[in-house]
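Engineer: First the structure, then my questions, so here it is.
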There are 4 protein chains.
Amino acid sequence: MLENLKSEVCQANLDLVQEGLVIQTWGNASGIDRRRRLVVIKPSGVAYDGMKPAHMVVVSLETGQVVEGDLKPSSDLPTHLVLYRAFQSIGGVAHTHSLYATAWAQANKDLPSYGTSQADYWYGDVPCTRPLTPKEIKTDYEANTGHVIVERFRKLDPMRHPGVLVASHGPFVWGEDCREAVHNAVTLEFVARLASETLRLNPRVRPLPPALLDKHFLRKHGPKAYYGQR
Amino acid sequence: MLENLKSEVCQANLDLVQEGLVIQTWGNASGIDRRRRLVVIKPSGVAYDGMKPAHMVVVSLETGQVVEGDLKPSSDLPTHLVLYRAFQSIGGVAHTHSLYATAWAQANKDLPSYGTSQADYWYGDVPCTRPLTPKEIKTDYEANTGHVIVERFRKLDPMRHPGVLVASHGPFVWGEDCREAVHNAVTLEFVARLASETLRLNPRVRPLPPALLDKHFLRKHGPKAYYGQR
Amino acid sequence: MLENLKSEVCQANLDLVQEGLVIQTWGNASGIDRRRRLVVIKPSGVAYDGMKPAHMVVVSLETGQVVEGDLKPSSDLPTHLVLYRAFQSIGGVAHTHSLYATAWAQANKDLPSYGTSQADYWYGDVPCTRPLTPKEIKTDYEANTGHVIVERFRKLDPMRHPGVLVASHGPFVWGEDCREAVHNAVTLEFVARLASETLRLNPRVRPLPPALLDKHFLRKHGPKAYYGQR
Amino acid sequence: MLENLKSEVCQANLDLVQEGLVIQTWGNASGIDRRRRLVVIKPSGVAYDGMKPAHMVVVSLETGQVVEGDLKPSSDLPTHLVLYRAFQSIGGVAHTHSLYATAWAQANKDLPSYGTSQADYWYGDVPCTRPLTPKEIKTDYEANTGHVIVERFRKLDPMRHPGVLVASHGPFVWGEDCREAVHNAVTLEFVARLASETLRLNPRVRPLPPALLDKHFLRKHGPKAYYGQR
């Protein structure tokens, strides 16, 4: 079942490695079939070498129970499920420990938008969650990771901020599908590094002017977009 | 028409990716046929994978209207046109969001010349533009990006400073043709990183001595050049 | 003799280069056959190009004498032997001068755990040894390097801290076998860089909360582990 | 003539690019035949792509006149010649603008030895020259670059400090032959980066203890060396 989605999700996981965002087994990507309410995700702790679509695990959006697949799903599955349930518009999720985005997460800081590179993708900061409480860590840790993300987005549109930094952990990024989630994860890593290098040159740098943020985000996104071939 | 120029411009765009200066679709290179007053540029938002000369767009230098090509030209086309009109000696333009040059642009700082590597290509600083005003951003943004560059070059010779940093955005670089524009973009990225690393080691470092700047720039450029095989 | 172990050790040495942890001849990996009390290690100062299992040197765990092999063993052999004798649970050791781990060693600082990436592998800091005394350097330097490591682990479990920074020198990393030692060396280099980038963003950052350290280390290690496919 | 030496020098120049020490045409390597008093060097400003031994230029050690070759020698030839005349024991020279070594040169700072990686190759600091005077720059610039290097080595043994940083310019590195010069240039770039990263972590770090410097340098160099297979 869901052969196309399994292929896409498998490829997205391999692309995370290819793009240099994932070493060891530190990452996972998933995709959802909204109509069937099923999520496809990478298995837990499996080497990328030789990973095939048939290794992907199909689980229920509601229960997280495995519907198809011989392997245990990624231990981060409950985080993905919380995101899919809360953010109706997203179709794919990618989690990495990519270097610079993770450094911002470990610094427990929102990633400010210092230029047009970030403004083309995020309508402002890449938000950072609050730390989880010891209680949230001890019980249902992975689901609670999802809940602090959703809490952080109370006043934010997930399609205008297609990713988040989880404090002391790393980024979760999403998009219309898992391919776009990986694309946005690549962008996040680049702009995280760019912001680090900018801050080093000018520790008092301010976020880019609001008019420039509007121009760049809205020329690529929404009804007045004119970037690209559409 | 302009088959040679389309091939050169296509190759220049692919080289920007190959050289690590462009990820995603964040860059564009163009070239001009001065005699016919036509500019060839990359299409907007198109993937580099499989990009061919036939995808290049031919536009009028005066009007920016498409003369040949099935795709929309790069959204940055108006910036390129302003540069070609103002700087008569340039034959190619490359725009990237390369990491270190963009960090300097986001820091809103001229890039000082700390050594002979930069002095071989720029006769002093790589200048940074002023920020655009909200009004300049809202109307004719891309053309106004060109205008603030030209304004910054009021007292500078574009052949002695073959590139600029646009504040909060990134570099535009040029040369005799688009191949040289890419070559200079590679140099700019290297010297931007070099200056960042130098500043970290010695925050009070001063630009290189004027005699050394003269020696290195003028042994490669102008009538007394003796570097290379000419 | 020990053909399998010689193949594994040879491959581990080549992997150190492949993973970017070793340049020139600055690294060595070894493995042990606990039953026969024999250690297999890379020869000293030999180029990696063309290195084969037959070049590996077999030595006695007790005496360090060569039991098989035409080449001199790595000059760091005495360090490896001290580690194998003191840490009964380890089966492989890797020594590198990988960039960021070595920078922390040269800074003479324990590497704090700022996030879950490190907590997945080290149960807290990556410890740094004290400097060797001039006397320890002049006589039996390489064995004494092992002794200061063992001294630093008086209150630490080597399986919960699978590596160390030797002051002014670089990391020694270990694991169940030499393959895992290399895997842990890759992780150490990544988390060392991650910590450096984190500190730059937030010089007052604190180690990750104890509950999060417990959660991540213990979901991968020990009887209650649920990460992976076991 | 000198076909072997031309092959070695050509390969050394290509290796500088392969090792990531040279971009554009910013580097040159040479070798000397001491018996015939002839130096072989890369031609000036020529692309590395397609470079062949036959392109190498043979010049007289005394006069610098071209003895064989159709191309102009590297513009840095006079620097190489001064070094070969002053340092009788060297057989090859490599000049690069490699990133981190050049950053130290631009910072006008001696590169201190913070650990054993550098101590394995340099018996202490990598020295930095004084700046050239305007007069030294205007007349015989390239030869004067050699003279300030030699001046800096008045009390240093070039075989114990196989390279130097020229202020505001970049490194010159040497060795027994051009292959070893390239090898040492690779080491210099690594230890320059390592020192930068170390300083960032511990701005008050001190050079490594003298006993450790002695141990590492002398176990690889001189009559009591025991590193490697000799």
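Every chain in the structure tokens takes a letter, A first, then B, and so on in the order presented; its residues are numbered from 1, and the ligands are numbered from 1 following the presented order.
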Which residues of range 124-192 of chain A come within 9 Å of range 200-224 of chain C, and for each one, what is the closest pair of atoms and their distance in Å to one decimal, counting only C-alpha atoms, sorted by chain and residue number, as a Markdown table?

Structural biologist:
```
| residue | atom | partner | partner_atom | distance |
| --- | --- | --- | --- | --- |
| A:Pro131 | CA | C:Pro209 | CA | 8.8 |
| A:Leu132 | CA | C:Leu212 | CA | 8.5 |
| A:Thr133 | CA | C:Ala211 | CA | 8.5 |
| A:Pro134 | CA | C:Ala211 | CA | 5.5 |
| A:Lys135 | CA | C:Ala211 | CA | 8.5 |
| A:Ile137 | CA | C:Leu212 | CA | 6.4 |
| A:Lys138 | CA | C:Lys215 | CA | 7.0 |
| A:Tyr141 | CA | C:Lys215 | CA | 8.2 |
| A:Ser168 | CA | C:Leu208 | CA | 6.3 |
```

Engineer: Could you take the residues named above and write them with N, CA, C and O atoms, as a compact mmCIF listing (two decimals), in the first residue's frame?

Structural biologist:
```
# COMPACT_ATOMS: atom_id res chain seq x y z
N PRO A 131 12.09 25.09 26.70
CA PRO A 131 12.55 23.77 27.12
C PRO A 131 11.37 22.94 27.65
O PRO A 131 10.42 23.49 28.20
N LEU A 132 11.43 21.65 27.45
CA LEU A 132 10.43 20.78 28.07
C LEU A 132 10.68 20.72 29.58
O LEU A 132 11.83 20.85 30.02
N THR A 133 9.64 20.54 30.35
CA THR A 133 9.80 20.35 31.79
C THR A 133 10.30 18.93 32.06
O THR A 133 10.12 18.04 31.21
N PRO A 134 10.91 18.70 33.23
CA PRO A 134 11.33 17.32 33.55
C PRO A 134 10.17 16.34 33.42
O PRO A 134 10.34 15.22 32.93
N LYS A 135 8.99 16.76 33.83
CA LYS A 135 7.83 15.86 33.73
C LYS A 135 7.50 15.55 32.27
O LYS A 135 7.22 14.39 31.92
N ILE A 137 9.52 15.49 29.91
CA ILE A 137 10.58 14.64 29.37
C ILE A 137 10.40 13.19 29.82
O ILE A 137 10.56 12.26 29.03
N LYS A 138 10.02 13.04 31.09
CA LYS A 138 9.96 11.66 31.64
C LYS A 138 8.83 10.85 31.04
O LYS A 138 8.96 9.64 30.85
N TYR A 141 7.77 11.69 26.14
CA TYR A 141 8.74 12.69 25.71
C TYR A 141 8.54 13.10 24.25
O TYR A 141 8.49 14.29 23.92
N SER A 168 17.59 22.76 22.87
CA SER A 168 18.58 21.74 23.26
C SER A 168 18.53 20.48 22.40
O SER A 168 19.12 19.47 22.76
```

Engineer: Which polymer residues have any atom within 7 Å of an atom of range 177-180 of chain B, counting only C-alpha atoms, with same-chain residues fewer than 6 positions away left out, as an MDAnalysis selection string?

Structural biologist: chainID B and resid 9 12 29:31 90:93

Engineer: Which residue gives the smallest distance to Glu3 in chain D among D:Val40, D:Val22, D:Val82, D:Leu16, with only C-alpha atoms counted?

Structural biologist: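 Of D:Val40, D:Val22, D:Val82, D:Leu16, the one nearest Glu3 in chain D is D:Val40, counting only C-alpha atoms.
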
Engineer: Please report, as JSON lines, each residue of chain B lying at most 6 Å from chain D, together with the nearest pair of atoms and the separation in Å rounded to one decimal; use only C-alpha atoms, and order rows by chain and ascending residue number.

Structural biologist:
```
{"residue": "B:Gly115", "atom": "CA", "partner": "D:Ser168", "partner_atom": "CA", "distance": 4.5}
{"residue": "B:Thr116", "atom": "CA", "partner": "D:His169", "partner_atom": "CA", "distance": 5.2}
{"residue": "B:Leu194", "atom": "CA", "partner": "D:Ala103", "partner_atom": "CA", "distance": 5.8}
{"residue": "B:Glu197", "atom": "CA", "partner": "D:Ala103", "partner_atom": "CA", "distance": 5.8}
{"residue": "B:Thr198", "atom": "CA", "partner": "D:Ala103", "partner_atom": "CA", "distance": 4.5}
{"residue": "B:Asn202", "atom": "CA", "partner": "D:Ala107", "partner_atom": "CA", "distance": 5.5}
{"residue": "B:Ala211", "atom": "CA", "partner": "D:Pro134", "partner_atom": "CA", "distance": 5.5}
{"residue": "B:Gly228", "atom": "CA", "partner": "D:Gly45", "partner_atom": "CA", "distance": 4.1}
```

Engineer: Pick from B:Gln118, B:Asn184, B:Thr96, B:Thr79: nearest to Asp140 in chain B, with only C-alpha atoms counted?

Structural biologist: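 Residue with the minimum atom-to-atom distance to Asp140 in chain B: B:Thr79.
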
Engineer: From a backbone DSSP assignment, name each residue in chain C labelled strand (DSSP E or B), as a VMD selection string.

Structural biologist: chain C and resid 27 to 33 38 to 41 43 57 to 60 66 to 68 73 92 to 96 111 126 128 163 to 166 170 to 175

Engineer: Convert the current residue selection to file output with N, CA, C and O atoms, as a short mmCIF file (atom, residue, chain, number, x, y, z; two decimals), in the first residue's frame.

Structural biologist:
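Everything below was put into again11.cif:
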```cif
data_model
loop_
_atom_site.label_atom_id
_atom_site.label_comp_id
_atom_site.auth_asym_id
_atom_site.auth_seq_id
_atom_site.Cartn_x
_atom_site.Cartn_y
_atom_site.Cartn_z
N GLY C 27 46.70 9.40 12.75
CA GLY C 27 45.60 8.67 13.35
C GLY C 27 45.93 7.21 13.39
O GLY C 27 46.84 6.73 12.68
N ASN C 28 45.23 6.48 14.22
CA ASN C 28 45.42 5.04 14.25
C ASN C 28 44.24 4.41 14.96
O ASN C 28 43.64 4.99 15.85
N ALA C 29 43.89 3.22 14.47
CA ALA C 29 42.81 2.45 15.10
C ALA C 29 43.35 1.07 15.39
O ALA C 29 44.24 0.56 14.68
N SER C 30 42.82 0.47 16.45
CA SER C 30 43.23 -0.89 16.81
C SER C 30 42.01 -1.67 17.28
O SER C 30 40.95 -1.11 17.56
N GLY C 31 42.19 -2.99 17.35
CA GLY C 31 41.15 -3.87 17.88
C GLY C 31 41.80 -4.95 18.72
O GLY C 31 42.99 -5.24 18.56
N ILE C 32 41.03 -5.57 19.59
CA ILE C 32 41.60 -6.58 20.48
C ILE C 32 40.87 -7.91 20.35
O ILE C 32 39.65 -7.95 20.12
N ASP C 33 41.62 -8.99 20.45
CA ASP C 33 41.04 -10.32 20.64
C ASP C 33 41.26 -10.64 22.13
O ASP C 33 42.37 -11.01 22.53
N LEU C 38 45.54 -10.54 22.33
CA LEU C 38 46.35 -9.95 21.25
C LEU C 38 45.66 -8.69 20.72
O LEU C 38 44.43 -8.66 20.59
N VAL C 39 46.46 -7.71 20.40
CA VAL C 39 45.96 -6.46 19.85
C VAL C 39 46.47 -6.30 18.42
O VAL C 39 47.64 -6.58 18.15
N VAL C 40 45.58 -5.86 17.52
CA VAL C 40 45.96 -5.57 16.13
C VAL C 40 45.90 -4.07 15.93
O VAL C 40 44.91 -3.43 16.27
N ILE C 41 46.97 -3.50 15.36
CA ILE C 41 47.05 -2.05 15.22
C ILE C 41 47.73 -1.68 13.91
O ILE C 41 48.46 -2.48 13.32
N PRO C 43 50.36 0.07 11.38
CA PRO C 43 51.79 0.33 11.48
C PRO C 43 52.05 1.84 11.60
O PRO C 43 51.19 2.66 11.29
N VAL C 57 49.71 -4.89 12.36
CA VAL C 57 50.70 -5.50 13.25
C VAL C 57 49.96 -6.13 14.44
O VAL C 57 49.08 -5.50 15.03
N VAL C 58 50.33 -7.37 14.75
CA VAL C 58 49.72 -8.07 15.88
C VAL C 58 50.71 -8.01 17.06
O VAL C 58 51.88 -8.38 16.90
N VAL C 59 50.23 -7.56 18.20
CA VAL C 59 51.12 -7.45 19.37
C VAL C 59 50.47 -8.08 20.59
O VAL C 59 49.25 -8.24 20.66
N SER C 60 51.30 -8.39 21.55
CA SER C 60 50.83 -8.97 22.81
C SER C 60 50.22 -7.88 23.69
O SER C 60 50.80 -6.80 23.84
N VAL C 66 55.79 -7.47 19.21
CA VAL C 66 55.18 -7.86 17.96
C VAL C 66 55.13 -9.38 17.85
O VAL C 66 56.16 -10.05 18.00
N VAL C 67 53.95 -9.91 17.59
CA VAL C 67 53.74 -11.34 17.44
C VAL C 67 53.70 -11.71 15.97
O VAL C 67 54.11 -12.78 15.55
N GLU C 68 53.19 -10.79 15.16
CA GLU C 68 53.14 -11.00 13.71
C GLU C 68 53.13 -9.66 13.01
O GLU C 68 52.50 -8.71 13.48
N PRO C 73 54.78 -1.18 14.84
CA PRO C 73 53.42 -0.73 15.16
C PRO C 73 53.38 0.78 15.38
O PRO C 73 54.42 1.42 15.58
N GLY C 92 37.78 -1.88 20.80
CA GLY C 92 38.48 -1.14 19.74
C GLY C 92 38.77 0.27 20.19
O GLY C 92 38.02 0.83 21.01
N VAL C 93 39.86 0.83 19.68
CA VAL C 93 40.29 2.19 20.03
C VAL C 93 40.65 2.93 18.75
O VAL C 93 41.28 2.35 17.85
N ALA C 94 40.24 4.19 18.68
CA ALA C 94 40.64 5.04 17.55
C ALA C 94 41.20 6.34 18.08
O ALA C 94 40.64 6.96 18.99
N HIS C 95 42.34 6.75 17.50
CA HIS C 95 42.96 8.01 17.87
C HIS C 95 43.03 8.88 16.62
O HIS C 95 43.46 8.43 15.55
N THR C 96 42.58 10.12 16.72
CA THR C 96 42.66 11.05 15.60
C THR C 96 43.14 12.41 16.09
O THR C 96 43.24 12.63 17.30
N LEU C 111 34.50 18.93 27.20
CA LEU C 111 33.49 19.31 26.21
C LEU C 111 32.11 19.10 26.83
O LEU C 111 31.67 17.97 27.01
N VAL C 126 32.43 15.16 27.50
CA VAL C 126 33.58 14.39 27.04
C VAL C 126 34.75 14.92 27.86
O VAL C 126 35.15 16.07 27.70
N CYS C 128 38.36 15.89 29.56
CA CYS C 128 39.71 16.24 29.09
C CYS C 128 40.70 15.87 30.20
O CYS C 128 40.44 16.09 31.39
N GLY C 163 35.01 8.08 25.06
CA GLY C 163 36.12 8.82 24.47
C GLY C 163 36.55 9.93 25.39
O GLY C 163 35.84 10.29 26.33
N VAL C 164 37.74 10.47 25.10
CA VAL C 164 38.40 11.42 25.98
C VAL C 164 39.21 12.39 25.12
O VAL C 164 39.58 12.07 23.98
N LEU C 165 39.45 13.57 25.67
CA LEU C 165 40.36 14.52 25.03
C LEU C 165 41.67 14.54 25.82
O LEU C 165 41.65 14.76 27.03
N VAL C 166 42.78 14.28 25.15
CA VAL C 166 44.08 14.36 25.82
C VAL C 166 44.60 15.79 25.65
O VAL C 166 44.72 16.29 24.52
N GLY C 170 44.82 15.51 21.47
CA GLY C 170 43.66 15.17 20.64
C GLY C 170 42.87 14.05 21.27
O GLY C 170 43.18 13.60 22.38
N PRO C 171 41.83 13.58 20.58
CA PRO C 171 40.94 12.58 21.16
C PRO C 171 41.42 11.14 21.02
O PRO C 171 42.06 10.77 20.04
N PHE C 172 41.12 10.34 22.01
CA PHE C 172 41.11 8.87 21.91
C PHE C 172 39.66 8.44 22.15
O PHE C 172 39.03 8.89 23.11
N VAL C 173 39.17 7.56 21.30
CA VAL C 173 37.76 7.15 21.33
C VAL C 173 37.72 5.64 21.26
O VAL C 173 38.60 5.02 20.65
N TRP C 174 36.72 5.03 21.89
CA TRP C 174 36.65 3.58 21.88
C TRP C 174 35.22 3.09 21.73
O TRP C 174 34.27 3.88 21.64
N GLY C 175 35.08 1.75 21.71
CA GLY C 175 33.77 1.14 21.57
C GLY C 175 33.89 -0.36 21.73
O GLY C 175 34.96 -0.88 22.04
#
```

Engineer: Could you pull the residues within 7 Å of Cys10 in chain A, counting only C-alpha atoms, minus those fewer than 3 positions along the same chain, as a PyMOL selection string?

Structural biologist: chain A and resi 6-7+13-14+52-53+56

Engineer: Those selected residues, please, written with C-alpha atoms and delivered as a PDB file, in the first residue's frame.

Structural biologist:
```pdb
ATOM      1  CA  LYS A   6       6.859   5.080   0.528  1.00  0.00           C
ATOM      2  CA  SER A   7       9.158   5.851  -2.392  1.00  0.00           C
ATOM      3  CA  ASN A  13      15.412  10.317   4.008  1.00  0.00           C
ATOM      4  CA  LEU A  14      18.251   9.540   1.625  1.00  0.00           C
ATOM      5  CA  LYS A  52      14.623   0.937   0.392  1.00  0.00           C
ATOM      6  CA  PRO A  53      10.945   2.000   0.134  1.00  0.00           C
ATOM      7  CA  MET A  56       9.318   2.385   5.357  1.00  0.00           C
TER       8      MET A  56
END
```

Engineer: Step one, run DSSP on the backbone; step two, keep only residues of chain B assigned to helix (DSSP H, G or I); then write them as a PyMOL selection string.

Structural biologist: chain B and resi 3-18+53-55+77-86+99-106+116-119+134-138+141-152+178-201+210-220

Engineer: What separation in Å, quoted to one decimal, exists between CA of Arg36 in chain B and CA of Leu2 in chain B?

Structural biologist: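 CA of Arg36 in chain B sits 9.7 Å away from CA of Leu2 in chain B.
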